[in-house]
Amino acid sequence: MAPERVFIKGNEAIAQGALDAGCRCFFGYPITPQNDIPEFLSKALPEAGGEFVQAESEVAAANMLLGAAATGVRCMTSSSSPGMSLKQEAISYMAGSELPAVVVNMNRGGPGLGDIGPAQGDYYQSTRGGGHGDYRLLVLAPATCQEAYDLVIEAFALAFRYRNPVLILGDAILGQMKEPIARRESVTYDDASGGWHLDGNAGRDKRLIKSLFLDEGALAGQNRHLMAKYAAMRAETRWEAFQTEDAELVVCAYGSIGRIAKSTVRKLRARGLKVGLLRPITLYPFPDAPLLALAGQGKRFLTIEHNCGQMVDDVRLAIRTKADSDFFGVMPGELPNPDDLEGPILKSLEG
Amino acid sequence: MQAAEKLVFKTPDVIIDRPTHYCPGCQHGTAHRIVGEVIDELGLADKTIAVASIGCSVFLYNYLNVDAVEAPHGRAPAVATGVKRARPDRTVFTYQGDGDLASIGMAEIMHAANRGERITVIFVNNTVYGMTGGQMAPTTMIGQATTTCPGGRCAEREGLPIKMAEIIGMLGGVVFCERVAVNSVKNIARAKKAVRKAFECQEQGLGFSFVEFLATCPTNWKMSPVDANKRIADELIPYFPLGTIVDRTGGGEDK
Ligand SMILES: Cc1ncc(C[n+]2csc(CCOP(=O)(O)OP(=O)(O)O)c2C)c(N)n1
Ligand code: SF4
Ligand SMILES: [Mg+2]
């Protein structure tokens, strides 16, 4: 059977991906520009036999997610920047208690209330854990509606593989853009398969899900265990390399900006200029190895972000033994335009 | 040979027999025991998921032989909402202190109650933040000295102690709400009856149930266990009256 093709917004693609991945519970709170996700799921999820709760706050929504995740079901929450700040408490507890779930942030302009337009100012928050303590989320940054759909499905699999929250980081461009996507066959997920979830201790010893470790050495042990897990997650590193082989300058950009930068690169290639693009798809783990390999070939780098310079730190860390990276930032509060990127790319290309 | 011992006191299977970490005279232990006995008597032990909160009772799970998850401070009703929505056929309860429930967790408890989540909330009001060293709580009595109101709580400055059971009783999703104490044999029996009713309410899928325990914290009250118990009757019960606030288990109106 040919996959069903639907023409939907990025936000809806995320919601549809969650449904097709077997998501059973969704907890949300209204905030622009992600409202299509809870609106879509408030109808579709109950129809599919799942639960939708509009929580009293993002704090509550994230803690409901924690509770549902503890029972082993596939569950998700979504929000945008100010709401993400409120979710960090529960996300830290979930990372500490090793609970799998998918969290979506459709990044808007900040700091504070900022605006409702697209931005990438939450890169640090997303890739450094976001809440208190030493922990990491697996962070996936789609650039198209199809990729958003596919990565949400992937995100559930990864969350359960590593028993860790997985973050989908998009923005208002991705959320509002309408594109055709090919749907996959729905997943039926056996939520009892992990052997760690809570459902009452009939026929087995009781189970406990917690992040408090007071016994001598216990917390250090848990932190070592988490670090080993994050190291294992490196196997999931993903990126798109576009015309990097013979490029003199490699542009590094993610998400919607990665997509816009790609069209600028394409345009400059048509004029015979040797530019390429490396678009990280996982922001954590970060694709340091391919970047370092490109640096080893003597290429130069320009990082472009829709913020005041955050991912550029990771690019510089990746290539620090061989090269450095220029930076160009589109200000949060301004809309990125492919033509705006041309000047900075040409400048870096000239060196 | 000694005569065979006559067993007059049996610990229910769901209660784990281990030395307590609670201070002498602390009534968290009594409240745990009542909850354990009810879970045992109703035959719910192997289908119960406890949601522990942050406070002296954070180790609830060390005393009850049931599955458990630890919620962030104040968020137990939201965590329990997630658990119950995901596993509607399981018995889900939270166990929360007064700092946890009536201060930082006010939004979560109000909305879980108002939505009528099919969960049971055990609320232990000892008028202080016990675990962090006896600071003022929203429930601290007027004139009561704590480490953060050393001159005694003052109504003009800090407001009046919050009466949670009355507030919860006003919300639409609440089917059963009662305030109890465990300062006498008679009150312990009543408390157990209330907890039993609260769990039965959940088992029948009727809605949200809430039991507020007035409890001692001899350590932070700086009292002997006997004096602390006396304070419950002399000071707390007159302000926080005992009894059923809402009972819609019969399907009718209040009480
Ligand atoms: C977000 C957050 N803030 C503060 C604390 C510190 N803290 C731990 S327990 C507690 C209060 C406990 O008081 P209560 O809920 O009345 O329980 P009790 O110990 O009296 O039974 C506080 C403030 C915390 N753990 N998390
Ligand atoms: S500090 Fe108070 S509440 Fe905590 S265990 Fe001691 S007596 Fe009980
Ligand atoms: Mg207290």
# chains A, B, ... in the order shown; residues from 1 in each chain; ligands from 1
>>> residues_near_ligand(ligand="ligand 3", cutoff="10 Å", atoms="only C-alpha atoms and all ligand atoms", output="ChimeraX atom specification")
/B:28,55-57,96-102,123-132,134-140,214-217,220
>>> write_last_selection(atoms="N, CA, C and O atoms", output="short mmCIF file (atom, residue, chain, number, x, y, z; two decimals), in the first residue's frame")
data_model
loop_
_atom_site.label_atom_id
_atom_site.label_comp_id
_atom_site.auth_asym_id
_atom_site.auth_seq_id
_atom_site.Cartn_x
_atom_site.Cartn_y
_atom_site.Cartn_z
N HIS B 28 3.02 11.28 61.07
CA HIS B 28 3.10 10.76 59.70
C HIS B 28 2.96 9.23 59.76
O HIS B 28 2.28 8.64 58.93
N GLY B 55 8.80 16.26 51.28
CA GLY B 55 8.57 16.65 52.67
C GLY B 55 9.09 15.49 53.50
O GLY B 55 9.73 14.58 52.96
N CYS B 56 8.78 15.49 54.78
CA CYS B 56 9.27 14.39 55.60
C CYS B 56 8.74 13.04 55.11
O CYS B 56 9.34 12.01 55.35
N SER B 57 7.61 13.07 54.40
CA SER B 57 7.02 11.81 53.94
C SER B 57 7.55 11.38 52.57
O SER B 57 6.97 10.50 51.94
N GLN B 96 0.67 14.13 50.72
CA GLN B 96 1.35 15.43 50.66
C GLN B 96 1.28 16.20 51.97
O GLN B 96 0.26 16.16 52.67
N GLY B 97 2.33 16.92 52.27
CA GLY B 97 2.36 17.80 53.43
C GLY B 97 1.69 19.14 53.12
O GLY B 97 1.26 19.40 52.00
N ASP B 98 1.64 20.00 54.15
CA ASP B 98 0.94 21.28 53.99
C ASP B 98 1.76 22.30 53.21
O ASP B 98 1.21 23.13 52.48
N GLY B 99 3.09 22.26 53.34
CA GLY B 99 3.90 23.15 52.51
C GLY B 99 3.76 22.72 51.06
O GLY B 99 3.56 23.53 50.16
N ASP B 100 3.82 21.42 50.85
CA ASP B 100 3.76 20.83 49.51
C ASP B 100 2.42 21.14 48.84
O ASP B 100 2.37 21.64 47.72
N LEU B 101 1.33 20.86 49.54
CA LEU B 101 0.01 20.94 48.91
C LEU B 101 -0.59 22.35 48.96
O LEU B 101 -1.18 22.81 47.98
N ALA B 102 -0.43 23.03 50.12
CA ALA B 102 -1.18 24.28 50.31
C ALA B 102 -0.36 25.51 49.93
O ALA B 102 -0.88 26.62 49.95
N PHE B 123 -3.71 14.41 52.74
CA PHE B 123 -3.06 15.69 53.01
C PHE B 123 -2.71 15.77 54.50
O PHE B 123 -3.60 15.70 55.34
N VAL B 124 -1.43 15.86 54.82
CA VAL B 124 -1.01 15.85 56.22
C VAL B 124 -0.58 17.26 56.64
O VAL B 124 0.48 17.75 56.26
N ASN B 125 -1.45 17.88 57.43
CA ASN B 125 -1.27 19.26 57.87
C ASN B 125 -0.67 19.27 59.28
O ASN B 125 -1.35 18.99 60.25
N ASN B 126 0.63 19.60 59.35
CA ASN B 126 1.28 19.70 60.67
C ASN B 126 1.71 21.15 60.96
O ASN B 126 2.54 21.38 61.82
N THR B 127 1.16 22.08 60.23
CA THR B 127 1.32 23.53 60.43
C THR B 127 2.76 24.06 60.30
O THR B 127 3.01 25.19 60.68
N VAL B 128 3.65 23.25 59.74
CA VAL B 128 5.02 23.71 59.48
C VAL B 128 5.62 22.98 58.29
O VAL B 128 5.12 21.94 57.87
N TYR B 129 6.71 23.54 57.77
CA TYR B 129 7.56 22.81 56.83
C TYR B 129 8.46 21.94 57.69
O TYR B 129 9.47 22.42 58.22
N GLY B 130 8.09 20.69 57.86
CA GLY B 130 8.83 19.82 58.77
C GLY B 130 10.23 19.54 58.25
O GLY B 130 11.24 19.77 58.93
N MET B 131 10.31 19.05 57.01
CA MET B 131 11.58 18.53 56.50
C MET B 131 12.69 19.58 56.45
O MET B 131 13.84 19.28 56.69
N THR B 132 12.32 20.81 56.11
CA THR B 132 13.36 21.83 55.93
C THR B 132 13.70 22.56 57.24
O THR B 132 14.45 23.53 57.22
N GLY B 134 11.25 23.41 60.01
CA GLY B 134 10.22 24.08 60.79
C GLY B 134 9.92 25.51 60.41
O GLY B 134 9.57 26.34 61.25
N GLN B 135 10.02 25.83 59.12
CA GLN B 135 9.66 27.19 58.68
C GLN B 135 8.13 27.36 58.67
O GLN B 135 7.39 26.39 58.74
N MET B 136 7.72 28.61 58.52
CA MET B 136 6.29 28.92 58.48
C MET B 136 5.66 28.29 57.23
O MET B 136 6.21 28.36 56.14
N ALA B 137 4.48 27.72 57.42
CA ALA B 137 3.69 27.16 56.31
C ALA B 137 2.43 28.00 56.17
O ALA B 137 2.11 28.81 57.05
N PRO B 138 1.68 27.81 55.07
CA PRO B 138 0.43 28.57 54.93
C PRO B 138 -0.58 28.20 56.02
O PRO B 138 -1.55 28.91 56.23
N THR B 139 -0.35 27.09 56.67
CA THR B 139 -1.25 26.54 57.70
C THR B 139 -0.79 26.88 59.12
O THR B 139 -1.47 26.51 60.08
N THR B 140 0.37 27.53 59.26
CA THR B 140 0.88 27.88 60.59
C THR B 140 -0.16 28.74 61.33
O THR B 140 -0.75 29.66 60.74
N LEU B 214 -4.92 16.36 60.55
CA LEU B 214 -4.19 17.25 61.44
C LEU B 214 -3.16 16.37 62.14
O LEU B 214 -3.50 15.32 62.68
N ALA B 215 -1.89 16.79 62.08
CA ALA B 215 -0.85 15.91 62.60
C ALA B 215 0.20 16.69 63.38
O ALA B 215 0.41 17.89 63.15
N THR B 216 0.85 16.00 64.28
CA THR B 216 1.88 16.63 65.11
C THR B 216 3.23 16.67 64.40
O THR B 216 3.54 15.80 63.59
N CYS B 217 4.02 17.67 64.76
CA CYS B 217 5.44 17.68 64.41
C CYS B 217 6.16 18.11 65.69
O CYS B 217 6.55 19.27 65.84
N ASN B 220 9.55 20.22 65.43
CA ASN B 220 9.54 21.63 65.06
C ASN B 220 8.58 22.47 65.89
O ASN B 220 8.68 23.69 65.91
#
>>> residues_around(residues="range 325-328 of chain A", least_positions_apart="5", cutoff="12 Å", atoms="only C-alpha atoms", output="PyMOL selection string")
chain A and resi 249-253+257+261+291-292+295+299-320+336+340-351
>>> closest_residue(among="A:Ala218, A:Ile153, A:Ala202, A:Leu86", to="chain B", atoms="only C-alpha atoms")
A:Ala202
>>> closest_atom_pairs(of="chain A", to="chain B", cutoff="8 Å", atoms="only C-alpha atoms", output="tab-separated table")
residue	atom	partner	partner_atom	distance
A:Arg24	CA	B:Ala86	CA	7.5
A:Cys25	CA	B:Ala86	CA	6.8
A:Glu51	CA	B:Arg85	CA	6.5
A:Glu56	CA	B:His111	CA	6.6
A:Ala60	CA	B:Ala78	CA	5.4
A:Ala61	CA	B:Ala78	CA	7.3
A:Asn63	CA	B:Val79	CA	5.0
A:Met64	CA	B:Gly82	CA	4.1
A:Leu65	CA	B:Gly82	CA	5.9
A:Leu66	CA	B:Val79	CA	6.1
A:Gly67	CA	B:Val79	CA	4.2
A:Ala68	CA	B:Gly82	CA	4.3
A:Ala69	CA	B:Val83	CA	7.8
A:Ala70	CA	B:Val83	CA	7.1
A:Thr71	CA	B:Val83	CA	6.4
A:Val73	CA	B:Ala86	CA	6.8
A:Glu89	CA	B:Pro72	CA	7.6
A:Ala90	CA	B:Pro72	CA	7.0
A:Tyr93	CA	B:Pro72	CA	7.2
A:Leu198	CA	B:Asp67	CA	6.0
A:Asp199	CA	B:Lys47	CA	6.7
A:Gly200	CA	B:Lys47	CA	4.1
A:Asn201	CA	B:Asp46	CA	4.7
A:Ala202	CA	B:Asp46	CA	4.5
A:Gly203	CA	B:Asp46	CA	8.0
A:Lys206	CA	B:Asp67	CA	4.9
A:Arg207	CA	B:Asp67	CA	4.9
A:Leu208	CA	B:Ala68	CA	4.9
A:Ile209	CA	B:Val69	CA	4.6
A:Lys210	CA	B:Glu70	CA	5.0
A:Ser211	CA	B:Glu70	CA	7.5
>>> residues_around(residues="Ala148 in chain A", least_positions_apart="5", cutoff="12 Å", atoms="only C-alpha atoms", output="PyMOL selection string")
chain A and resi 8-18+104-106+140-143+153-155+167-171+174-175+177-183+255-256+281
>>> select_by_dssp(residues="range 247-335 of chain A", states="helix (DSSP H, G or I)", output="PyMOL selection string")
chain A and resi 255-270+288-296+311-319
>>> select_by_dssp(residues="range 120-344 of chain A", states="strand (DSSP E)", output="number ranges by chain")
A: 138-140, 165-171, 178-182, 208-209, 239-242, 249-252, 275-280, 282-284, 300-305, 325-329
>>> closest_residue(among="B:Met223, B:Ala155, B:Leu42, B:Ile142", to="ligand 2", atoms="only C-alpha atoms and all ligand atoms")
B:Met223
>>> closest_residue(among="B:Arg190, B:His21, B:Arg118, B:His32", to="ligand 2", atoms="only C-alpha atoms and all ligand atoms")
B:His21
>>> closest_residue(among="A:Ala241, A:Cys145, A:Leu278, A:Leu212", to="ligand 1", atoms="only C-alpha atoms and all ligand atoms")
A:Leu212
>>> closest_residue(among="A:Pro82, A:Gly258, A:Gly112, A:Gly195", to="Asn337 in chain A", atoms="only C-alpha atoms")
A:Gly258
